[in-house]
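Next comes run-v7.pdb, with PDB, N, CA and C atoms.
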```
ATOM      1  N   MET A   1    -117.112  -0.999 -72.230
ATOM      2  CA  MET A   1    -115.964  -1.715 -72.695
ATOM      3  C   MET A   1    -116.155  -3.205 -72.414
ATOM      4  N   ARG A   2    -115.951  -4.006 -73.383
ATOM      5  CA  ARG A   2    -116.101  -5.442 -73.252
ATOM      6  C   ARG A   2    -114.775  -6.063 -72.829
ATOM      7  N   LYS A   3    -114.852  -7.049 -71.901
ATOM      8  CA  LYS A   3    -113.648  -7.709 -71.430
ATOM      9  C   LYS A   3    -113.859  -9.218 -71.446
ATOM     10  N   ASN A   4    -112.928  -9.938 -71.998
ATOM     11  CA  ASN A   4    -112.982 -11.389 -72.048
ATOM     12  C   ASN A   4    -112.329 -11.930 -70.771
ATOM     13  N   ILE A   5    -113.083 -12.653 -69.942
ATOM     14  CA  ILE A   5    -112.526 -13.184 -68.690
ATOM     15  C   ILE A   5    -112.051 -14.627 -68.841
ATOM     16  N   ASN A   6    -112.048 -15.140 -70.035
ATOM     17  CA  ASN A   6    -111.573 -16.494 -70.329
ATOM     18  C   ASN A   6    -112.390 -17.558 -69.606
ATOM     19  N   VAL A   7    -112.003 -18.800 -69.773
ATOM     20  CA  VAL A   7    -112.693 -19.924 -69.157
ATOM     21  C   VAL A   7    -112.288 -20.009 -67.687
ATOM     22  N   THR A   8    -113.269 -20.209 -66.821
ATOM     23  CA  THR A   8    -113.001 -20.311 -65.391
ATOM     24  C   THR A   8    -114.032 -21.227 -64.746
ATOM     25  N   GLU A   9    -113.673 -21.806 -63.609
ATOM     26  CA  GLU A   9    -114.627 -22.623 -62.852
ATOM     27  C   GLU A   9    -115.456 -21.760 -61.912
ATOM     28  N   ALA A  10    -115.074 -20.512 -61.742
ATOM     29  CA  ALA A  10    -115.758 -19.621 -60.809
ATOM     30  C   ALA A  10    -117.076 -19.131 -61.392
ATOM     31  N   ILE A  11    -117.953 -18.763 -60.498
ATOM     32  CA  ILE A  11    -119.239 -18.181 -60.867
ATOM     33  C   ILE A  11    -119.204 -16.728 -60.422
ATOM     34  N   PHE A  12    -119.529 -15.816 -61.306
ATOM     35  CA  PHE A  12    -119.515 -14.400 -60.968
ATOM     36  C   PHE A  12    -120.912 -13.832 -61.101
ATOM     37  N   PRO A  13    -121.366 -12.927 -60.267
ATOM     38  CA  PRO A  13    -120.630 -12.450 -59.089
ATOM     39  C   PRO A  13    -120.667 -13.496 -57.979
ATOM     40  N   MET A  14    -119.599 -13.560 -57.232
ATOM     41  CA  MET A  14    -119.502 -14.526 -56.136
ATOM     42  C   MET A  14    -120.138 -13.930 -54.887
ATOM     43  N   PRO A  15    -120.881 -14.728 -54.127
ATOM     44  CA  PRO A  15    -121.472 -14.199 -52.897
ATOM     45  C   PRO A  15    -120.405 -13.993 -51.827
ATOM     46  N   VAL A  16    -120.690 -13.107 -50.898
ATOM     47  CA  VAL A  16    -119.811 -12.943 -49.740
ATOM     48  C   VAL A  16    -120.290 -13.925 -48.689
ATOM     49  N   LEU A  17    -119.417 -14.847 -48.330
ATOM     50  CA  LEU A  17    -119.745 -15.855 -47.332
ATOM     51  C   LEU A  17    -119.265 -15.390 -45.969
ATOM     52  N   MET A  18    -120.090 -15.529 -44.967
ATOM     53  CA  MET A  18    -119.730 -15.207 -43.598
ATOM     54  C   MET A  18    -119.385 -16.523 -42.904
ATOM     55  N   ILE A  19    -118.141 -16.637 -42.459
ATOM     56  CA  ILE A  19    -117.647 -17.845 -41.816
ATOM     57  C   ILE A  19    -117.526 -17.551 -40.325
ATOM     58  N   ALA A  20    -118.185 -18.350 -39.498
ATOM     59  CA  ALA A  20    -118.161 -18.132 -38.050
ATOM     60  C   ALA A  20    -117.567 -19.341 -37.340
ATOM     61  N   THR A  21    -116.772 -19.052 -36.312
ATOM     62  CA  THR A  21    -116.152 -20.082 -35.484
ATOM     63  C   THR A  21    -116.163 -19.606 -34.040
ATOM     64  N   TYR A  22    -115.649 -20.448 -33.166
ATOM     65  CA  TYR A  22    -115.468 -20.057 -31.768
ATOM     66  C   TYR A  22    -113.977 -19.953 -31.469
ATOM     67  N   ASN A  23    -113.615 -18.940 -30.686
ATOM     68  CA  ASN A  23    -112.240 -18.774 -30.210
ATOM     69  C   ASN A  23    -111.973 -19.736 -29.055
ATOM     70  N   GLU A  24    -110.719 -19.761 -28.590
ATOM     71  CA  GLU A  24    -110.318 -20.633 -27.479
ATOM     72  C   GLU A  24    -111.154 -20.403 -26.227
ATOM     73  N   ASP A  25    -111.545 -19.147 -25.989
ATOM     74  CA  ASP A  25    -112.303 -18.807 -24.786
ATOM     75  C   ASP A  25    -113.807 -18.958 -24.961
ATOM     76  N   GLY A  26    -114.245 -19.449 -26.125
ATOM     77  CA  GLY A  26    -115.670 -19.663 -26.379
ATOM     78  C   GLY A  26    -116.371 -18.477 -27.016
ATOM     79  N   SER A  27    -115.664 -17.362 -27.193
ATOM     80  CA  SER A  27    -116.274 -16.202 -27.838
ATOM     81  C   SER A  27    -116.383 -16.448 -29.344
ATOM     82  N   VAL A  28    -117.251 -15.700 -29.990
ATOM     83  CA  VAL A  28    -117.543 -15.881 -31.414
ATOM     84  C   VAL A  28    -116.549 -15.099 -32.266
ATOM     85  N   ASP A  29    -116.140 -15.702 -33.378
ATOM     86  CA  ASP A  29    -115.299 -15.048 -34.375
ATOM     87  C   ASP A  29    -115.989 -15.169 -35.724
ATOM     88  N   VAL A  30    -115.980 -14.085 -36.490
ATOM     89  CA  VAL A  30    -116.595 -14.089 -37.826
ATOM     90  C   VAL A  30    -115.657 -13.412 -38.810
ATOM     91  N   MET A  31    -115.580 -13.958 -40.011
ATOM     92  CA  MET A  31    -114.855 -13.319 -41.104
ATOM     93  C   MET A  31    -115.705 -13.423 -42.359
ATOM     94  N   ASN A  32    -115.423 -12.585 -43.346
ATOM     95  CA  ASN A  32    -116.090 -12.810 -44.626
ATOM     96  C   ASN A  32    -115.096 -13.431 -45.591
ATOM     97  N   ALA A  33    -115.624 -14.214 -46.494
ATOM     98  CA  ALA A  33    -114.794 -14.913 -47.479
ATOM     99  C   ALA A  33    -115.455 -14.765 -48.842
ATOM    100  N   ALA A  34    -114.778 -14.101 -49.740
ATOM    101  CA  ALA A  34    -115.328 -13.902 -51.073
ATOM    102  C   ALA A  34    -115.063 -15.102 -51.984
ATOM    103  N   TRP A  35    -114.076 -15.935 -51.625
ATOM    104  CA  TRP A  35    -113.713 -17.052 -52.478
ATOM    105  C   TRP A  35    -114.214 -18.366 -51.890
ATOM    106  N   GLY A  36    -115.433 -18.716 -52.237
ATOM    107  CA  GLY A  36    -116.013 -19.969 -51.788
ATOM    108  C   GLY A  36    -117.161 -20.356 -52.695
ATOM    109  N   THR A  37    -117.447 -21.625 -52.744
ATOM    110  CA  THR A  37    -118.535 -22.109 -53.580
ATOM    111  C   THR A  37    -118.978 -23.486 -53.087
ATOM    112  N   MET A  38    -120.081 -23.986 -53.617
ATOM    113  CA  MET A  38    -120.521 -25.338 -53.316
ATOM    114  C   MET A  38    -119.862 -26.290 -54.304
ATOM    115  N   GLN A  39    -119.297 -27.366 -53.784
ATOM    116  CA  GLN A  39    -118.727 -28.399 -54.648
ATOM    117  C   GLN A  39    -119.787 -29.454 -54.946
ATOM    118  N   ALA A  40    -120.606 -29.728 -53.955
ATOM    119  CA  ALA A  40    -121.716 -30.668 -54.079
ATOM    120  C   ALA A  40    -122.781 -30.213 -53.085
ATOM    121  N   ARG A  41    -123.897 -30.914 -53.047
ATOM    122  CA  ARG A  41    -124.981 -30.506 -52.148
ATOM    123  C   ARG A  41    -124.550 -30.474 -50.686
ATOM    124  N   ASP A  42    -123.564 -31.290 -50.331
ATOM    125  CA  ASP A  42    -123.132 -31.360 -48.941
ATOM    126  C   ASP A  42    -121.665 -30.971 -48.747
ATOM    127  N   HIS A  43    -121.081 -30.242 -49.712
ATOM    128  CA  HIS A  43    -119.684 -29.817 -49.620
ATOM    129  C   HIS A  43    -119.536 -28.350 -50.016
ATOM    130  N   VAL A  44    -118.868 -27.598 -49.163
ATOM    131  CA  VAL A  44    -118.540 -26.207 -49.457
ATOM    132  C   VAL A  44    -117.028 -26.113 -49.576
ATOM    133  N   VAL A  45    -116.555 -25.407 -50.588
ATOM    134  CA  VAL A  45    -115.126 -25.199 -50.783
ATOM    135  C   VAL A  45    -114.820 -23.741 -50.474
ATOM    136  N   LEU A  46    -113.853 -23.518 -49.588
ATOM    137  CA  LEU A  46    -113.431 -22.175 -49.219
ATOM    138  C   LEU A  46    -111.960 -22.016 -49.564
ATOM    139  N   SER A  47    -111.596 -20.875 -50.075
ATOM    140  CA  SER A  47    -110.195 -20.585 -50.363
ATOM    141  C   SER A  47    -109.741 -19.517 -49.363
ATOM    142  N   LEU A  48    -109.091 -19.967 -48.292
ATOM    143  CA  LEU A  48    -108.696 -19.090 -47.191
ATOM    144  C   LEU A  48    -107.206 -19.235 -46.915
ATOM    145  N   THR A  49    -106.604 -18.196 -46.369
ATOM    146  CA  THR A  49    -105.183 -18.267 -46.019
ATOM    147  C   THR A  49    -105.017 -18.654 -44.556
ATOM    148  N   GLU A  50    -103.901 -19.261 -44.263
ATOM    149  CA  GLU A  50    -103.589 -19.756 -42.917
ATOM    150  C   GLU A  50    -103.495 -18.652 -41.870
ATOM    151  N   THR A  51    -103.272 -17.428 -42.299
ATOM    152  CA  THR A  51    -103.041 -16.334 -41.346
ATOM    153  C   THR A  51    -104.311 -15.843 -40.661
ATOM    154  N   HIS A  52    -105.478 -16.228 -41.159
ATOM    155  CA  HIS A  52    -106.734 -15.781 -40.544
ATOM    156  C   HIS A  52    -106.975 -16.496 -39.217
ATOM    157  N   LYS A  53    -107.401 -15.764 -38.210
ATOM    158  CA  LYS A  53    -107.765 -16.340 -36.911
ATOM    159  C   LYS A  53    -108.885 -17.369 -37.095
ATOM    160  N   THR A  54    -109.797 -17.081 -37.985
ATOM    161  CA  THR A  54    -110.908 -18.001 -38.243
ATOM    162  C   THR A  54    -110.410 -19.348 -38.751
ATOM    163  N   VAL A  55    -109.407 -19.349 -39.604
ATOM    164  CA  VAL A  55    -108.852 -20.609 -40.118
ATOM    165  C   VAL A  55    -108.213 -21.399 -38.980
ATOM    166  N   LYS A  56    -107.490 -20.707 -38.116
ATOM    167  CA  LYS A  56    -106.894 -21.375 -36.948
ATOM    168  C   LYS A  56    -107.987 -21.988 -36.075
ATOM    169  N   ASN A  57    -109.069 -21.242 -35.862
ATOM    170  CA  ASN A  57    -110.191 -21.753 -35.060
ATOM    171  C   ASN A  57    -110.841 -22.962 -35.731
ATOM    172  N   MET A  58    -111.008 -22.904 -37.037
ATOM    173  CA  MET A  58    -111.620 -24.021 -37.767
ATOM    174  C   MET A  58    -110.796 -25.292 -37.594
ATOM    175  N   LYS A  59    -109.489 -25.161 -37.699
ATOM    176  CA  LYS A  59    -108.611 -26.328 -37.558
ATOM    177  C   LYS A  59    -108.625 -26.871 -36.134
ATOM    178  N   GLU A  60    -108.653 -26.002 -35.138
ATOM    179  CA  GLU A  60    -108.636 -26.451 -33.747
ATOM    180  C   GLU A  60    -109.978 -27.034 -33.319
ATOM    181  N   ARG A  61    -111.075 -26.430 -33.736
ATOM    182  CA  ARG A  61    -112.407 -26.854 -33.295
ATOM    183  C   ARG A  61    -113.036 -27.891 -34.222
ATOM    184  N   LYS A  62    -112.549 -27.970 -35.456
ATOM    185  CA  LYS A  62    -113.116 -28.886 -36.465
ATOM    186  C   LYS A  62    -114.587 -28.572 -36.736
ATOM    187  N   ALA A  63    -114.941 -27.276 -36.618
ATOM    188  CA  ALA A  63    -116.326 -26.875 -36.837
ATOM    189  C   ALA A  63    -116.388 -25.403 -37.234
ATOM    190  N   PHE A  64    -117.387 -25.070 -38.060
ATOM    191  CA  PHE A  64    -117.635 -23.689 -38.451
ATOM    192  C   PHE A  64    -119.011 -23.618 -39.090
ATOM    193  N   THR A  65    -119.520 -22.407 -39.257
ATOM    194  CA  THR A  65    -120.785 -22.207 -39.969
ATOM    195  C   THR A  65    -120.535 -21.308 -41.164
ATOM    196  N   VAL A  66    -121.373 -21.442 -42.168
ATOM    197  CA  VAL A  66    -121.280 -20.616 -43.370
ATOM    198  C   VAL A  66    -122.648 -19.992 -43.613
ATOM    199  N   SER A  67    -122.660 -18.678 -43.793
ATOM    200  CA  SER A  67    -123.880 -17.955 -44.143
ATOM    201  C   SER A  67    -123.567 -17.056 -45.329
ATOM    202  N   ILE A  68    -124.587 -16.667 -46.057
ATOM    203  CA  ILE A  68    -124.402 -15.756 -47.185
ATOM    204  C   ILE A  68    -124.862 -14.374 -46.760
ATOM    205  N   ALA A  69    -123.980 -13.397 -46.911
ATOM    206  CA  ALA A  69    -124.339 -12.016 -46.576
ATOM    207  C   ALA A  69    -125.317 -11.489 -47.623
ATOM    208  N   ASP A  70    -126.300 -10.742 -47.161
ATOM    209  CA  ASP A  70    -127.249 -10.141 -48.093
ATOM    210  C   ASP A  70    -127.051  -8.623 -48.119
ATOM    211  N   ALA A  71    -127.755  -7.968 -49.007
ATOM    212  CA  ALA A  71    -127.575  -6.530 -49.210
ATOM    213  C   ALA A  71    -127.877  -5.715 -47.961
ATOM    214  N   SER A  72    -128.799  -6.180 -47.132
ATOM    215  CA  SER A  72    -129.152  -5.415 -45.932
ATOM    216  C   SER A  72    -128.090  -5.517 -44.840
ATOM    217  N   HIS A  73    -127.097  -6.380 -45.017
ATOM    218  CA  HIS A  73    -126.024  -6.533 -44.027
ATOM    219  C   HIS A  73    -124.649  -6.236 -44.618
ATOM    220  N   VAL A  74    -124.600  -5.396 -45.635
ATOM    221  CA  VAL A  74    -123.336  -5.112 -46.312
ATOM    222  C   VAL A  74    -122.342  -4.397 -45.389
ATOM    223  N   ILE A  75    -122.808  -3.546 -44.507
ATOM    224  CA  ILE A  75    -121.897  -2.838 -43.601
ATOM    225  C   ILE A  75    -121.270  -3.812 -42.613
ATOM    226  N   GLU A  76    -122.066  -4.706 -42.045
ATOM    227  CA  GLU A  76    -121.544  -5.707 -41.125
ATOM    228  C   GLU A  76    -120.579  -6.649 -41.838
ATOM    229  N   ALA A  77    -120.939  -7.085 -43.034
ATOM    230  CA  ALA A  77    -120.075  -7.987 -43.801
ATOM    231  C   ALA A  77    -118.750  -7.306 -44.118
ATOM    232  N   ASP A  78    -118.796  -6.041 -44.467
ATOM    233  CA  ASP A  78    -117.578  -5.296 -44.745
ATOM    234  C   ASP A  78    -116.714  -5.192 -43.485
ATOM    235  N   TYR A  79    -117.337  -4.895 -42.347
ATOM    236  CA  TYR A  79    -116.610  -4.803 -41.073
ATOM    237  C   TYR A  79    -115.878  -6.109 -40.777
ATOM    238  N   PHE A  80    -116.567  -7.234 -40.890
ATOM    239  CA  PHE A  80    -115.949  -8.528 -40.584
ATOM    240  C   PHE A  80    -114.881  -8.913 -41.608
ATOM    241  N   GLY A  81    -114.894  -8.278 -42.762
ATOM    242  CA  GLY A  81    -113.866  -8.528 -43.745
ATOM    243  C   GLY A  81    -112.649  -7.631 -43.600
ATOM    244  N   VAL A  82    -112.827  -6.478 -42.977
ATOM    245  CA  VAL A  82    -111.739  -5.507 -42.840
ATOM    246  C   VAL A  82    -111.027  -5.627 -41.496
ATOM    247  N   VAL A  83    -111.784  -5.859 -40.438
ATOM    248  CA  VAL A  83    -111.208  -5.931 -39.089
ATOM    249  C   VAL A  83    -110.746  -7.359 -38.824
ATOM    250  N   SER A  84    -109.484  -7.513 -38.460
ATOM    251  CA  SER A  84    -108.907  -8.833 -38.219
ATOM    252  C   SER A  84    -109.020  -9.232 -36.753
ATOM    253  N   ALA A  85    -109.405 -10.474 -36.510
ATOM    254  CA  ALA A  85    -109.443 -10.987 -35.135
ATOM    255  C   ALA A  85    -108.033 -11.158 -34.577
ATOM    256  N   ASN A  86    -107.033 -11.183 -35.442
ATOM    257  CA  ASN A  86    -105.655 -11.228 -34.964
ATOM    258  C   ASN A  86    -105.278  -9.923 -34.264
ATOM    259  N   ASN A  87    -105.887  -8.812 -34.692
ATOM    260  CA  ASN A  87    -105.622  -7.498 -34.097
ATOM    261  C   ASN A  87    -106.722  -7.038 -33.151
ATOM    262  N   THR A  88    -107.933  -7.519 -33.339
ATOM    263  CA  THR A  88    -109.094  -7.148 -32.528
ATOM    264  C   THR A  88    -109.763  -8.442 -32.066
ATOM    265  N   PRO A  89    -109.246  -9.048 -30.980
ATOM    266  CA  PRO A  89    -109.717 -10.378 -30.567
ATOM    267  C   PRO A  89    -111.224 -10.477 -30.317
ATOM    268  N   ASN A  90    -111.859  -9.420 -29.870
ATOM    269  CA  ASN A  90    -113.290  -9.478 -29.550
ATOM    270  C   ASN A  90    -114.108  -8.691 -30.565
ATOM    271  N   LYS A  91    -113.748  -8.769 -31.833
ATOM    272  CA  LYS A  91    -114.412  -7.950 -32.847
ATOM    273  C   LYS A  91    -115.904  -8.252 -32.963
ATOM    274  N   PHE A  92    -116.339  -9.472 -32.694
ATOM    275  CA  PHE A  92    -117.767  -9.787 -32.782
ATOM    276  C   PHE A  92    -118.553  -9.106 -31.671
ATOM    277  N   GLU A  93    -117.973  -9.018 -30.483
ATOM    278  CA  GLU A  93    -118.660  -8.409 -29.351
ATOM    279  C   GLU A  93    -118.707  -6.888 -29.446
ATOM    280  N   LYS A  94    -117.755  -6.301 -30.155
ATOM    281  CA  LYS A  94    -117.738  -4.841 -30.299
ATOM    282  C   LYS A  94    -118.956  -4.402 -31.089
ATOM    283  N   LYS A  95    -119.419  -3.228 -30.768
ATOM    284  CA  LYS A  95    -120.496  -2.660 -31.577
ATOM    285  C   LYS A  95    -119.860  -2.113 -32.838
ATOM    286  N   TRP A  96    -120.070  -2.794 -33.951
ATOM    287  CA  TRP A  96    -119.412  -2.449 -35.208
ATOM    288  C   TRP A  96    -119.653  -1.005 -35.591
ATOM    289  N   PHE A  97    -120.834  -0.442 -35.267
ATOM    290  CA  PHE A  97    -121.116   0.911 -35.690
ATOM    291  C   PHE A  97    -120.383   1.951 -34.848
ATOM    292  N   ASN A  98    -119.843   1.547 -33.693
ATOM    293  CA  ASN A  98    -119.079   2.479 -32.863
ATOM    294  C   ASN A  98    -117.590   2.429 -33.155
ATOM    295  N   CYS A  99    -117.120   1.375 -33.782
ATOM    296  CA  CYS A  99    -115.666   1.231 -33.953
ATOM    297  C   CYS A  99    -115.271   1.141 -35.421
ATOM    298  N   TYR A 100    -116.186   1.400 -36.329
ATOM    299  CA  TYR A 100    -115.857   1.264 -37.745
ATOM    300  C   TYR A 100    -116.198   2.529 -38.478
TER     301      TYR A 100
END
```
Could you quickly redo this structure as structure tokens?
Amino acid sequence: MRKNINVTEAIFPMPVLMIATYNEDGSVDVMNAAWGTMQARDHVVLSLTETHKTVKNMKERKAFTVSIADASHVIEADYFGVVSANNTPNKFEKKWFNCY
């Protein structure tokens, strides 16, 4: 079945971006973000909601890293996208394969 997706600025398929920050106590926080792209060679645009712990960390620390998830890390990327640091503060330290 053919579907017309109209004109858009987005590129499909979009990569899953892994956004990492540090919490108040210095521990690592990671989330995945499906809505992000490069605006220029030195600018990344992310579309994130204020409710994410990672967004709060980004604003407080003024720093974060961006990585692209690959096929060999799809389970980890899915875990970081489903489990919220608001509910599981030490989600990075947990062994994802034991709690997911």
Residue nearest Val74 in chain A - candidates A:Asp25, A:Lys53, A:His43, A:Val16, atoms counted: only C-alpha atoms: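 Result for the nearest residue to Val74 in chain A: A:Val16.
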Which residues, written as an mmCIF file with N, CA and C atoms, in the coordinates of the input, have at least one atom at most 10 Å from Asp70 in chain A, with only C-alpha atoms counted and residues fewer than 5 positions away on the same chain left out?
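After the write, out33.cif holds the following:
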```cif
data_model
loop_
_atom_site.group_PDB
_atom_site.id
_atom_site.type_symbol
_atom_site.label_atom_id
_atom_site.label_comp_id
_atom_site.auth_asym_id
_atom_site.auth_seq_id
_atom_site.Cartn_x
_atom_site.Cartn_y
_atom_site.Cartn_z
ATOM 1 N N PRO A 15 -120.881 -14.728 -54.127
ATOM 2 C CA PRO A 15 -121.472 -14.199 -52.897
ATOM 3 C C PRO A 15 -120.405 -13.993 -51.827
ATOM 4 N N VAL A 16 -120.690 -13.107 -50.898
ATOM 5 C CA VAL A 16 -119.811 -12.943 -49.740
ATOM 6 C C VAL A 16 -120.290 -13.925 -48.689
ATOM 7 N N LEU A 17 -119.417 -14.847 -48.330
ATOM 8 C CA LEU A 17 -119.745 -15.855 -47.332
ATOM 9 C C LEU A 17 -119.265 -15.390 -45.969
ATOM 10 N N ALA A 77 -120.939 -7.085 -43.034
ATOM 11 C CA ALA A 77 -120.075 -7.987 -43.801
ATOM 12 C C ALA A 77 -118.750 -7.306 -44.118
#
```
Test item, strand (DSSP E or B) assignment across range 34-93 of chain A, answer as a count of residues only: 13
Between atom N of Glu76 in chain A and CA of Ala40 in chain A - distance in Å to one decimal: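 That distance, rounded to one decimal, is 28.6 Å.
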Non-local contacts of range 58-63 of chain A (6.5 Å; all atoms listed in the file; under 6 positions in same chain excluded) as a PyMOL selection string: chain A and resi 20-22
Interatomic distance, CA of Thr37 in chain A to CA of Val83 in chain A (Å, one decimal):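 Between CA of Thr37 in chain A and CA of Val83 in chain A the gap works out to 22.9 Å.
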Separation of atom N of Gly36 in chain A from CA of Met18 in chain A, in Å and rounded to one decimal: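 Separation of atom N of Gly36 in chain A and CA of Met18 in chain A: 10.3 Å.
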On this structure, the PyMOL selection byres ((chain A and resi 30) around 8) would catch which residues? List them as a PDB file with N, CA and C atoms, in the frame of the given file, sorted by chain and number.
```pdb
ATOM      1  N   MET A  18    -120.090 -15.529 -44.967  1.00  0.00           N
ATOM      2  CA  MET A  18    -119.730 -15.207 -43.598  1.00  0.00           C
ATOM      3  C   MET A  18    -119.385 -16.523 -42.904  1.00  0.00           C
ATOM      4  N   ILE A  19    -118.141 -16.637 -42.459  1.00  0.00           N
ATOM      5  CA  ILE A  19    -117.647 -17.845 -41.816  1.00  0.00           C
ATOM      6  C   ILE A  19    -117.526 -17.551 -40.325  1.00  0.00           C
ATOM      7  N   ALA A  20    -118.185 -18.350 -39.498  1.00  0.00           N
ATOM      8  CA  ALA A  20    -118.161 -18.132 -38.050  1.00  0.00           C
ATOM      9  C   ALA A  20    -117.567 -19.341 -37.340  1.00  0.00           C
ATOM     10  N   THR A  21    -116.772 -19.052 -36.312  1.00  0.00           N
ATOM     11  CA  THR A  21    -116.152 -20.082 -35.484  1.00  0.00           C
ATOM     12  C   THR A  21    -116.163 -19.606 -34.040  1.00  0.00           C
ATOM     13  N   TYR A  22    -115.649 -20.448 -33.166  1.00  0.00           N
ATOM     14  CA  TYR A  22    -115.468 -20.057 -31.768  1.00  0.00           C
ATOM     15  C   TYR A  22    -113.977 -19.953 -31.469  1.00  0.00           C
ATOM     16  N   ASN A  23    -113.615 -18.940 -30.686  1.00  0.00           N
ATOM     17  CA  ASN A  23    -112.240 -18.774 -30.210  1.00  0.00           C
ATOM     18  C   ASN A  23    -111.973 -19.736 -29.055  1.00  0.00           C
ATOM     19  N   SER A  27    -115.664 -17.362 -27.193  1.00  0.00           N
ATOM     20  CA  SER A  27    -116.274 -16.202 -27.838  1.00  0.00           C
ATOM     21  C   SER A  27    -116.383 -16.448 -29.344  1.00  0.00           C
ATOM     22  N   VAL A  28    -117.251 -15.700 -29.990  1.00  0.00           N
ATOM     23  CA  VAL A  28    -117.543 -15.881 -31.414  1.00  0.00           C
ATOM     24  C   VAL A  28    -116.549 -15.099 -32.266  1.00  0.00           C
ATOM     25  N   ASP A  29    -116.140 -15.702 -33.378  1.00  0.00           N
ATOM     26  CA  ASP A  29    -115.299 -15.048 -34.375  1.00  0.00           C
ATOM     27  C   ASP A  29    -115.989 -15.169 -35.724  1.00  0.00           C
ATOM     28  N   MET A  31    -115.580 -13.958 -40.011  1.00  0.00           N
ATOM     29  CA  MET A  31    -114.855 -13.319 -41.104  1.00  0.00           C
ATOM     30  C   MET A  31    -115.705 -13.423 -42.359  1.00  0.00           C
ATOM     31  N   ASN A  32    -115.423 -12.585 -43.346  1.00  0.00           N
ATOM     32  CA  ASN A  32    -116.090 -12.810 -44.626  1.00  0.00           C
ATOM     33  C   ASN A  32    -115.096 -13.431 -45.591  1.00  0.00           C
ATOM     34  N   ALA A  33    -115.624 -14.214 -46.494  1.00  0.00           N
ATOM     35  CA  ALA A  33    -114.794 -14.913 -47.479  1.00  0.00           C
ATOM     36  C   ALA A  33    -115.455 -14.765 -48.842  1.00  0.00           C
ATOM     37  N   LYS A  53    -107.401 -15.764 -38.210  1.00  0.00           N
ATOM     38  CA  LYS A  53    -107.765 -16.340 -36.911  1.00  0.00           C
ATOM     39  C   LYS A  53    -108.885 -17.369 -37.095  1.00  0.00           C
ATOM     40  N   THR A  54    -109.797 -17.081 -37.985  1.00  0.00           N
ATOM     41  CA  THR A  54    -110.908 -18.001 -38.243  1.00  0.00           C
ATOM     42  C   THR A  54    -110.410 -19.348 -38.751  1.00  0.00           C
ATOM     43  N   TYR A  79    -117.337  -4.895 -42.347  1.00  0.00           N
ATOM     44  CA  TYR A  79    -116.610  -4.803 -41.073  1.00  0.00           C
ATOM     45  C   TYR A  79    -115.878  -6.109 -40.777  1.00  0.00           C
ATOM     46  N   PHE A  80    -116.567  -7.234 -40.890  1.00  0.00           N
ATOM     47  CA  PHE A  80    -115.949  -8.528 -40.584  1.00  0.00           C
ATOM     48  C   PHE A  80    -114.881  -8.913 -41.608  1.00  0.00           C
ATOM     49  N   GLY A  81    -114.894  -8.278 -42.762  1.00  0.00           N
ATOM     50  CA  GLY A  81    -113.866  -8.528 -43.745  1.00  0.00           C
ATOM     51  C   GLY A  81    -112.649  -7.631 -43.600  1.00  0.00           C
ATOM     52  N   VAL A  83    -111.784  -5.859 -40.438  1.00  0.00           N
ATOM     53  CA  VAL A  83    -111.208  -5.931 -39.089  1.00  0.00           C
ATOM     54  C   VAL A  83    -110.746  -7.359 -38.824  1.00  0.00           C
ATOM     55  N   ALA A  85    -109.405 -10.474 -36.510  1.00  0.00           N
ATOM     56  CA  ALA A  85    -109.443 -10.987 -35.135  1.00  0.00           C
ATOM     57  C   ALA A  85    -108.033 -11.158 -34.577  1.00  0.00           C
ATOM     58  N   LYS A  91    -113.748  -8.769 -31.833  1.00  0.00           N
ATOM     59  CA  LYS A  91    -114.412  -7.950 -32.847  1.00  0.00           C
ATOM     60  C   LYS A  91    -115.904  -8.252 -32.963  1.00  0.00           C
ATOM     61  N   PHE A  92    -116.339  -9.472 -32.694  1.00  0.00           N
ATOM     62  CA  PHE A  92    -117.767  -9.787 -32.782  1.00  0.00           C
ATOM     63  C   PHE A  92    -118.553  -9.106 -31.671  1.00  0.00           C
TER      64      PHE A  92
END
```
All alpha helix (DSSP H) positions in chain A, as a count of residues only: 22
Could the centre and edge lengths of an axis-aligned box, enclosing all atoms of range 13-29 of chain A in the file with 4 Å extra on each side, be given in Å to one decimal as JSON?
```
{"center_x": -115.9, "center_y": -16.5, "center_z": -42.5, "size_x": 19.2, "size_y": 16.2, "size_z": 43.5}
```
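Comparing A:Thr65, A:Ser47, A:Ser72, A:His52 by their smallest distance to Pro89 in chain A, the closest is A:His52 (using only C-alpha atoms).
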